>>> print(open('model36.cif').read())   # mmCIF, C-alpha atoms and all ligand atoms; chains and numbers go by the auth columns
data_upload
loop_
_atom_site.group_PDB
_atom_site.id
_atom_site.type_symbol
_atom_site.label_atom_id
_atom_site.label_comp_id
_atom_site.label_asym_id
_atom_site.label_seq_id
_atom_site.Cartn_x
_atom_site.Cartn_y
_atom_site.Cartn_z
_atom_site.B_iso_or_equiv
_atom_site.auth_seq_id
_atom_site.auth_asym_id
ATOM 1 C CA MET A 1 37.446 90.163 -80.154 0.00 1 A
ATOM 2 C CA PRO A 2 39.258 89.210 -83.401 0.00 2 A
ATOM 3 C CA LEU A 3 38.557 85.732 -84.686 0.00 3 A
ATOM 4 C CA ARG A 4 41.232 83.155 -83.863 0.00 4 A
ATOM 5 C CA LEU A 5 42.278 81.342 -87.003 0.00 5 A
ATOM 6 C CA LEU A 6 43.180 77.720 -86.477 0.00 6 A
ATOM 7 C CA PRO A 7 46.645 76.503 -87.458 0.00 7 A
ATOM 8 C CA PHE A 8 46.361 75.358 -91.059 0.00 8 A
ATOM 9 C CA MET A 9 47.121 71.693 -90.382 0.00 9 A
ATOM 10 C CA SER A 10 44.471 71.631 -87.632 0.00 10 A
ATOM 11 C CA VAL A 11 41.928 72.642 -90.255 0.00 11 A
ATOM 12 C CA ILE A 12 43.053 69.765 -92.428 0.00 12 A
ATOM 13 C CA ASP A 13 42.890 67.324 -89.505 0.00 13 A
ATOM 14 C CA ARG A 14 39.352 68.475 -88.650 0.00 14 A
ATOM 15 C CA LEU A 15 38.300 67.977 -92.249 0.00 15 A
ATOM 16 C CA ALA A 16 39.813 64.476 -92.161 0.00 16 A
ATOM 17 C CA THR A 17 37.807 63.741 -89.009 0.00 17 A
ATOM 18 C CA HIS A 18 34.630 64.860 -90.770 0.00 18 A
ATOM 19 C CA TYR A 19 35.167 63.351 -94.229 0.00 19 A
ATOM 20 C CA GLY A 20 37.599 60.518 -93.485 0.00 20 A
ATOM 21 C CA GLU A 21 41.120 60.152 -94.808 0.00 21 A
ATOM 22 C CA PRO A 22 41.189 60.544 -98.602 0.00 22 A
ATOM 23 C CA PRO A 23 42.549 57.644 -100.658 0.00 23 A
ATOM 24 C CA PRO A 24 45.730 58.185 -102.686 0.00 24 A
ATOM 25 C CA PRO A 25 45.021 59.918 -106.022 0.00 25 A
ATOM 26 C CA GLU A 26 44.114 57.411 -108.731 0.00 26 A
ATOM 27 C CA VAL A 27 45.495 59.441 -111.625 0.00 27 A
ATOM 28 C CA THR A 28 49.064 60.746 -111.431 0.00 28 A
ATOM 29 C CA GLU A 29 50.625 60.076 -114.858 0.00 29 A
ATOM 30 C CA PRO A 30 51.135 63.585 -116.271 0.00 30 A
ATOM 31 C CA PHE A 31 49.430 63.159 -119.649 0.00 31 A
ATOM 32 C CA ALA A 32 46.473 61.438 -117.989 0.00 32 A
ATOM 33 C CA MET A 33 46.218 64.327 -115.514 0.00 33 A
ATOM 34 C CA ILE A 34 46.161 66.766 -118.433 0.00 34 A
ATOM 35 C CA LEU A 35 43.379 64.739 -120.053 0.00 35 A
ATOM 36 C CA TRP A 36 41.438 64.761 -116.780 0.00 36 A
ATOM 37 C CA GLU A 37 41.488 68.570 -116.827 0.00 37 A
ATOM 38 C CA ASN A 38 40.325 68.673 -120.436 0.00 38 A
ATOM 39 C CA VAL A 39 37.949 65.756 -120.933 0.00 39 A
ATOM 40 C CA ALA A 40 34.610 67.353 -119.998 0.00 40 A
ATOM 41 C CA TYR A 41 34.460 71.124 -119.760 0.00 41 A
ATOM 42 C CA LEU A 42 32.665 72.368 -116.633 0.00 42 A
ATOM 43 C CA ALA A 43 31.330 68.900 -115.791 0.00 43 A
ATOM 44 C CA ASN A 44 30.983 67.826 -112.168 0.00 44 A
ATOM 45 C CA ASP A 45 33.280 65.123 -110.816 0.00 45 A
ATOM 46 C CA ALA A 46 30.854 62.274 -111.476 0.00 46 A
ATOM 47 C CA LYS A 47 30.362 63.184 -115.140 0.00 47 A
ATOM 48 C CA ARG A 48 34.065 63.919 -115.549 0.00 48 A
ATOM 49 C CA ALA A 49 34.931 60.495 -114.120 0.00 49 A
ATOM 50 C CA ARG A 50 32.526 58.818 -116.569 0.00 50 A
ATOM 51 C CA ALA A 51 34.021 60.744 -119.477 0.00 51 A
ATOM 52 C CA PHE A 52 37.524 59.886 -118.326 0.00 52 A
ATOM 53 C CA ALA A 53 36.676 56.167 -118.027 0.00 53 A
ATOM 54 C CA GLU A 54 35.286 56.217 -121.566 0.00 54 A
ATOM 55 C CA LEU A 55 38.380 58.020 -122.813 0.00 55 A
ATOM 56 C CA LEU A 56 40.545 55.360 -121.153 0.00 56 A
ATOM 57 C CA ALA A 57 38.575 52.616 -122.881 0.00 57 A
ATOM 58 C CA LYS A 58 38.765 54.304 -126.293 0.00 58 A
ATOM 59 C CA THR A 59 42.319 55.658 -126.286 0.00 59 A
ATOM 60 C CA GLY A 60 44.294 54.160 -123.406 0.00 60 A
ATOM 61 C CA LEU A 61 44.882 57.785 -122.332 0.00 61 A
ATOM 62 C CA THR A 62 47.944 57.938 -124.587 0.00 62 A
ATOM 63 C CA PRO A 63 48.764 60.752 -127.009 0.00 63 A
ATOM 64 C CA ALA A 64 48.813 58.286 -129.910 0.00 64 A
ATOM 65 C CA GLY A 65 45.464 56.873 -128.810 0.00 65 A
ATOM 66 C CA ILE A 66 43.929 60.348 -128.756 0.00 66 A
ATOM 67 C CA ARG A 67 45.328 61.135 -132.202 0.00 67 A
ATOM 68 C CA LYS A 68 43.983 57.892 -133.664 0.00 68 A
ATOM 69 C CA ALA A 69 40.525 58.117 -132.099 0.00 69 A
ATOM 70 C CA ARG A 70 37.610 59.115 -134.306 0.00 70 A
ATOM 71 C CA ALA A 71 36.354 62.642 -133.826 0.00 71 A
ATOM 72 C CA SER A 72 32.844 61.239 -133.320 0.00 72 A
ATOM 73 C CA SER A 73 34.103 59.023 -130.447 0.00 73 A
ATOM 74 C CA LEU A 74 35.841 61.924 -128.760 0.00 74 A
ATOM 75 C CA TYR A 75 32.786 64.109 -129.267 0.00 75 A
ATOM 76 C CA ALA A 76 30.506 61.543 -127.609 0.00 76 A
ATOM 77 C CA ILE A 77 32.822 61.564 -124.585 0.00 77 A
ATOM 78 C CA ALA A 78 33.222 65.340 -124.524 0.00 78 A
ATOM 79 C CA GLU A 79 29.439 65.764 -124.467 0.00 79 A
ATOM 80 C CA LYS A 80 29.524 64.987 -120.731 0.00 80 A
ATOM 81 C CA GLY A 81 30.562 68.635 -120.436 0.00 81 A
ATOM 82 C CA ILE A 82 29.627 71.779 -122.304 0.00 82 A
ATOM 83 C CA LEU A 83 31.200 72.957 -125.594 0.00 83 A
ATOM 84 C CA PRO A 84 32.149 69.444 -126.773 0.00 84 A
ATOM 85 C CA ASP A 85 33.551 70.725 -130.091 0.00 85 A
ATOM 86 C CA GLN A 86 36.136 72.779 -128.245 0.00 86 A
ATOM 87 C CA THR A 87 36.906 69.901 -125.907 0.00 87 A
ATOM 88 C CA VAL A 88 37.679 67.617 -128.854 0.00 88 A
ATOM 89 C CA GLN A 89 40.030 70.258 -130.231 0.00 89 A
ATOM 90 C CA LYS A 90 41.766 70.565 -126.854 0.00 90 A
ATOM 91 C CA LEU A 91 42.218 66.795 -126.548 0.00 91 A
ATOM 92 C CA ARG A 92 43.700 66.654 -130.043 0.00 92 A
ATOM 93 C CA ARG A 93 45.883 69.673 -129.341 0.00 93 A
ATOM 94 C CA ALA A 94 47.223 68.063 -126.160 0.00 94 A
ATOM 95 C CA ALA A 95 48.140 64.919 -128.092 0.00 95 A
ATOM 96 C CA GLU A 96 49.869 66.980 -130.789 0.00 96 A
ATOM 97 C CA ILE A 97 51.901 68.955 -128.256 0.00 97 A
ATOM 98 C CA ALA A 98 52.917 65.695 -126.562 0.00 98 A
ATOM 99 C CA ARG A 99 54.136 64.348 -129.903 0.00 99 A
ATOM 100 C CA ASP A 100 55.749 67.499 -131.294 0.00 100 A
ATOM 101 C CA GLU A 101 57.536 68.688 -128.164 0.00 101 A
ATOM 102 C CA PHE A 102 57.907 65.653 -125.906 0.00 102 A
ATOM 103 C CA GLU A 103 58.010 62.567 -128.158 0.00 103 A
ATOM 104 C CA ASP A 104 54.815 61.352 -126.507 0.00 104 A
ATOM 105 C CA ASN A 105 56.522 60.967 -123.136 0.00 105 A
ATOM 106 C CA LEU A 106 55.870 63.567 -120.450 0.00 106 A
ATOM 107 C CA GLU A 107 57.634 61.775 -117.592 0.00 107 A
ATOM 108 C CA PRO A 108 61.004 63.555 -118.184 0.00 108 A
ATOM 109 C CA ILE A 109 59.270 66.890 -117.571 0.00 109 A
ATOM 110 C CA LEU A 110 58.835 65.892 -113.940 0.00 110 A
ATOM 111 C CA ASP A 111 62.588 65.729 -113.386 0.00 111 A
ATOM 112 C CA LYS A 112 63.330 69.194 -114.741 0.00 112 A
ATOM 113 C CA PRO A 113 63.886 72.175 -112.444 0.00 113 A
ATOM 114 C CA VAL A 114 60.513 73.359 -111.156 0.00 114 A
ATOM 115 C CA ALA A 115 60.291 76.514 -113.282 0.00 115 A
ATOM 116 C CA ALA A 116 61.110 74.598 -116.480 0.00 116 A
ATOM 117 C CA ALA A 117 58.695 71.790 -115.588 0.00 117 A
ATOM 118 C CA LYS A 118 55.888 74.270 -115.002 0.00 118 A
ATOM 119 C CA ARG A 119 56.691 76.025 -118.274 0.00 119 A
ATOM 120 C CA ASP A 120 56.445 72.741 -120.178 0.00 120 A
ATOM 121 C CA LEU A 121 53.221 71.655 -118.505 0.00 121 A
ATOM 122 C CA ARG A 122 51.622 75.028 -119.147 0.00 122 A
ATOM 123 C CA LYS A 123 52.006 74.492 -122.897 0.00 123 A
ATOM 124 C CA PHE A 124 49.024 72.141 -122.702 0.00 124 A
ATOM 125 C CA PRO A 125 45.399 73.280 -122.911 0.00 125 A
ATOM 126 C CA ALA A 126 43.708 74.112 -119.588 0.00 126 A
ATOM 127 C CA ILE A 127 46.960 73.841 -117.650 0.00 127 A
ATOM 128 C CA GLY A 128 47.710 77.028 -115.765 0.00 128 A
ATOM 129 C CA GLU A 129 49.880 77.488 -112.703 0.00 129 A
ATOM 130 C CA PRO A 130 47.482 75.668 -110.303 0.00 130 A
ATOM 131 C CA ALA A 131 47.096 72.612 -112.544 0.00 131 A
ATOM 132 C CA ALA A 132 50.850 72.479 -113.245 0.00 132 A
ATOM 133 C CA GLU A 133 51.545 72.581 -109.509 0.00 133 A
ATOM 134 C CA LYS A 134 48.963 69.856 -108.918 0.00 134 A
ATOM 135 C CA ILE A 135 50.705 67.593 -111.454 0.00 135 A
ATOM 136 C CA LEU A 136 54.089 68.171 -109.821 0.00 136 A
ATOM 137 C CA LEU A 137 52.665 67.722 -106.323 0.00 137 A
ATOM 138 C CA PHE A 138 50.764 64.519 -107.130 0.00 138 A
ATOM 139 C CA ASN A 139 53.986 63.143 -108.638 0.00 139 A
ATOM 140 C CA ARG A 140 55.807 64.129 -105.433 0.00 140 A
ATOM 141 C CA ARG A 141 58.182 66.526 -107.182 0.00 141 A
ATOM 142 C CA LEU A 142 56.998 69.794 -105.623 0.00 142 A
ATOM 143 C CA PRO A 143 55.853 70.238 -102.006 0.00 143 A
ATOM 144 C CA ALA A 144 53.533 73.137 -102.867 0.00 144 A
ATOM 145 C CA LEU A 145 50.098 74.064 -101.593 0.00 145 A
ATOM 146 C CA ALA A 146 48.322 73.348 -104.873 0.00 146 A
ATOM 147 C CA LEU A 147 44.669 74.402 -104.699 0.00 147 A
ATOM 148 C CA ASP A 148 41.690 74.082 -106.960 0.00 148 A
ATOM 149 C CA SER A 149 38.938 76.709 -106.935 0.00 149 A
ATOM 150 C CA ASN A 150 36.929 74.840 -104.266 0.00 150 A
ATOM 151 C CA ALA A 151 39.911 74.694 -101.936 0.00 151 A
ATOM 152 C CA LEU A 152 40.822 78.321 -102.476 0.00 152 A
ATOM 153 C CA ARG A 153 37.246 79.419 -101.734 0.00 153 A
ATOM 154 C CA VAL A 154 37.388 77.567 -98.398 0.00 154 A
ATOM 155 C CA LEU A 155 40.641 79.304 -97.433 0.00 155 A
ATOM 156 C CA VAL A 156 39.241 82.722 -98.345 0.00 156 A
ATOM 157 C CA ARG A 157 36.071 82.165 -96.312 0.00 157 A
ATOM 158 C CA LEU A 158 37.968 80.883 -93.315 0.00 158 A
ATOM 159 C CA GLY A 159 39.966 84.105 -93.433 0.00 159 A
ATOM 160 C CA TYR A 160 43.475 82.949 -94.332 0.00 160 A
ATOM 161 C CA THR A 161 43.662 85.144 -97.404 0.00 161 A
ATOM 162 C CA PRO A 162 41.559 88.016 -98.757 0.00 162 A
ATOM 163 C CA GLU A 163 39.289 87.737 -101.762 0.00 163 A
ATOM 164 C CA HIS A 164 40.733 89.272 -104.914 0.00 164 A
ATOM 165 C CA LYS A 165 39.138 89.741 -108.307 0.00 165 A
ATOM 166 C CA ASN A 166 42.233 88.320 -109.982 0.00 166 A
ATOM 167 C CA TYR A 167 42.260 84.555 -109.390 0.00 167 A
ATOM 168 C CA GLY A 168 46.000 84.177 -109.927 0.00 168 A
ATOM 169 C CA THR A 169 46.766 86.933 -107.424 0.00 169 A
ATOM 170 C CA MET A 170 44.458 85.361 -104.851 0.00 170 A
ATOM 171 C CA TYR A 171 46.001 81.915 -105.389 0.00 171 A
ATOM 172 C CA LYS A 172 49.539 83.200 -104.900 0.00 172 A
ATOM 173 C CA ALA A 173 48.525 85.254 -101.866 0.00 173 A
ATOM 174 C CA ALA A 174 47.047 82.164 -100.183 0.00 174 A
ATOM 175 C CA GLN A 175 50.246 80.215 -100.795 0.00 175 A
ATOM 176 C CA ARG A 176 52.409 83.069 -99.506 0.00 176 A
ATOM 177 C CA THR A 177 50.337 83.600 -96.372 0.00 177 A
ATOM 178 C CA LEU A 178 50.259 79.941 -95.442 0.00 178 A
ATOM 179 C CA ALA A 179 53.848 79.128 -96.430 0.00 179 A
ATOM 180 C CA PRO A 180 55.246 79.345 -92.852 0.00 180 A
ATOM 181 C CA GLN A 181 52.727 76.720 -91.708 0.00 181 A
ATOM 182 C CA LEU A 182 53.127 74.246 -94.537 0.00 182 A
ATOM 183 C CA PRO A 183 54.936 70.934 -94.179 0.00 183 A
ATOM 184 C CA GLN A 184 57.587 70.211 -96.803 0.00 184 A
ATOM 185 C CA ASP A 185 55.913 66.893 -97.338 0.00 185 A
ATOM 186 C CA CYS A 186 54.095 66.070 -100.571 0.00 186 A
ATOM 187 C CA ASP A 187 51.825 63.452 -98.978 0.00 187 A
ATOM 188 C CA ALA A 188 50.586 65.939 -96.366 0.00 188 A
ATOM 189 C CA LEU A 189 49.993 68.566 -99.059 0.00 189 A
ATOM 190 C CA ILE A 190 48.162 66.104 -101.323 0.00 190 A
ATOM 191 C CA ARG A 191 45.936 65.288 -98.336 0.00 191 A
ATOM 192 C CA ALA A 192 45.331 69.018 -97.794 0.00 192 A
ATOM 193 C CA TYR A 193 44.470 69.488 -101.489 0.00 193 A
ATOM 194 C CA GLN A 194 41.976 66.639 -101.412 0.00 194 A
ATOM 195 C CA LEU A 195 40.263 67.564 -98.155 0.00 195 A
ATOM 196 C CA LEU A 196 39.931 71.289 -98.899 0.00 196 A
ATOM 197 C CA ARG A 197 38.507 70.444 -102.315 0.00 197 A
ATOM 198 C CA ARG A 198 36.052 67.971 -100.784 0.00 198 A
ATOM 199 C CA HIS A 199 34.924 70.564 -98.252 0.00 199 A
ATOM 200 C CA GLY A 200 34.426 73.163 -100.987 0.00 200 A
ATOM 201 C CA GLN A 201 32.315 70.691 -102.953 0.00 201 A
ATOM 202 C CA ASP A 202 30.258 69.223 -100.108 0.00 202 A
ATOM 203 C CA LEU A 203 29.586 71.952 -97.534 0.00 203 A
ATOM 204 C CA CYS A 204 31.424 75.150 -98.386 0.00 204 A
ATOM 205 C CA LYS A 205 29.748 75.406 -101.784 0.00 205 A
ATOM 206 C CA ARG A 206 30.082 78.477 -103.937 0.00 206 A
ATOM 207 C CA THR A 207 26.473 79.458 -103.320 0.00 207 A
ATOM 208 C CA SER A 208 24.702 78.721 -100.031 0.00 208 A
ATOM 209 C CA PRO A 209 27.455 77.145 -97.922 0.00 209 A
ATOM 210 C CA ALA A 210 26.052 74.745 -95.312 0.00 210 A
ATOM 211 C CA CYS A 211 27.691 76.505 -92.366 0.00 211 A
ATOM 212 C CA ARG A 212 25.328 75.063 -89.769 0.00 212 A
ATOM 213 C CA ASP A 213 26.757 71.617 -90.528 0.00 213 A
ATOM 214 C CA CYS A 214 30.383 72.742 -90.630 0.00 214 A
ATOM 215 C CA HIS A 215 32.765 71.912 -87.780 0.00 215 A
ATOM 216 C CA LEU A 216 34.972 74.857 -88.732 0.00 216 A
ATOM 217 C CA ARG A 217 32.319 77.533 -88.224 0.00 217 A
ATOM 218 C CA ALA A 218 33.553 78.755 -84.818 0.00 218 A
ATOM 219 C CA ASN A 219 36.850 79.681 -86.484 0.00 219 A
ATOM 220 C CA CYS A 220 35.455 80.855 -89.810 0.00 220 A
ATOM 221 C CA THR A 221 35.536 84.523 -90.744 0.00 221 A
ATOM 222 C CA PHE A 222 32.694 84.210 -93.265 0.00 222 A
ATOM 223 C CA PHE A 223 30.399 82.500 -90.774 0.00 223 A
ATOM 224 C CA CYS A 224 31.162 84.843 -87.890 0.00 224 A
ATOM 225 C CA GLU A 225 30.696 87.947 -90.044 0.00 225 A
ATOM 226 C CA SER A 226 27.437 86.546 -91.410 0.00 226 A
ATOM 227 C CA VAL A 227 26.115 85.910 -87.924 0.00 227 A
ATOM 228 C CA ALA A 228 27.252 89.341 -86.740 0.00 228 A
ATOM 229 C CA SER A 229 25.467 91.080 -89.590 0.00 229 A
ATOM 230 C CA ARG A 230 22.413 88.800 -89.182 0.00 230 A
ATOM 231 C CA SER A 231 22.381 88.382 -92.936 0.00 231 A
ATOM 232 C CA PHE A 232 23.150 84.711 -92.623 0.00 232 A
HETATM 233 S S1 LIG B . 31.521 77.792 -91.747 0.00 301 B
HETATM 234 FE FE1 LIG B . 30.576 77.980 -93.764 0.00 301 B
HETATM 235 S S2 LIG B . 31.863 79.397 -94.922 0.00 301 B
HETATM 236 FE FE2 LIG B . 33.025 78.695 -93.131 0.00 301 B
HETATM 237 S S3 LIG B . 34.232 76.947 -93.882 0.00 301 B
HETATM 238 FE FE3 LIG B . 32.345 76.132 -92.998 0.00 301 B
HETATM 239 S S4 LIG B . 30.907 75.970 -94.724 0.00 301 B
HETATM 240 FE FE4 LIG B . 32.593 77.319 -95.364 0.00 301 B
#
>>> encode(input="model36.cif", output="structure tokens", more="lines below")
Ligand code: SF4
Amino acid sequence: MPLRLLPFMSVIDRLATHYGEPPPPEVTEPFAMILWENVAYLANDAKRARAFAELLAKTGLTPAGIRKARASSLYAIAEKGILPDQTVQKLRRAAEIARDEFEDNLEPILDKPVAAAKRDLRKFPAIGEPAAEKILLFNRRLPALALDSNALRVLVRLGYTPEHKNYGTMYKAAQRTLAPQLPQDCDALIRAYQLLRRHGQDLCKRTSPACRDCHLRANCTFFCESVASRSF
């Protein structure tokens, strides 16, 4: 018998029951969100948060503050992730783009038509389509199913969208497939972003997902196929 996929919002509600309701995002100002993406390359959330707090203390998270900061100070922060030299360059580059193209104020970008806003945001280092959509969603300008890699992995394993070697293709396919089920409500979609990400980090990890502890397993394609093949 084919697996019955749960309605998307039921998945989110079950995750909320398991993890609790997520608090509102702490960082929503667009330049600060760009810095969050760039501050510590490939660091986990705890290290990234420490780096971000240090960057706040040193620079105020402003483009001018980043430009004025000593390279050695930025390097010490960037060392929470790998390739700190490149991270310092990306932080500086972000501050220069903010100055040269947006007079150090990114707020007006949010009020542009969506395509233009995404185009502007994608000028910054490490900001692709998913990160641009996250910035617009968290600022309640775009009711889109923004997803980070943890969240997308969960949706693939559950069976809502097939795996694809091209990340961008897989991301768009997930959004397209789920579009009929999505609320046009930014708060609900922010909640979905946060809970899917949390699940991908805590239980549905990239390697060795903890399926035995997962309340979604009865409706999960990955789990059911693993059990069927006895390779789980
Ligand atoms: S059952 Fe396993 S693979 Fe499926 S969502 Fe839960 S943790 Fe992920």
>>> resolve_selection(input="model36.cif", expression="the PyMOL selection byres (((not hetatm)) within 12 of (chain B and resi 301))", output="PyMOL selection string")
chain A and resi 5-6+11-12+14-15+18+150-160+195-227+232
>>> closest_residue(input="model36.cif", among="A:Pro63, A:Pro130, A:Gly81, A:Pro143", to="Ala179 (chain A)", atoms="only C-alpha atoms")
A:Pro143
>>> atom_distance(input="model36.cif", atom1="CA of Arg93 (chain A)", atom2="CA of Leu142 (chain A)")
26.2 Å
>>> closest_residue(input="model36.cif", among="A:Ala132, A:Ala43, A:Phe8, A:Pro125", to="Ile77 (chain A)", atoms="all atoms listed in the file")
A:Ala43
>>> residues_near_point(input="model36.cif", point="(51.2, 54.5, -129.4)", cutoff="12 Å", atoms="only C-alpha atoms", output="PyMOL selection string")
chain A and resi 59-69+95+98-99+103-105
>>> atom_distance(input="model36.cif", atom1="CA of Thr17 (chain A)", atom2="CA of Pro183 (chain A)")
19.3 Å
>>> residues_around(input="model36.cif", residues="Leu83 (chain A)", least_positions_apart="4", cutoff="10 Å", atoms="all atoms listed in the file", output="ChimeraX atom specification")
/A:40-42,75,78-79,87-88
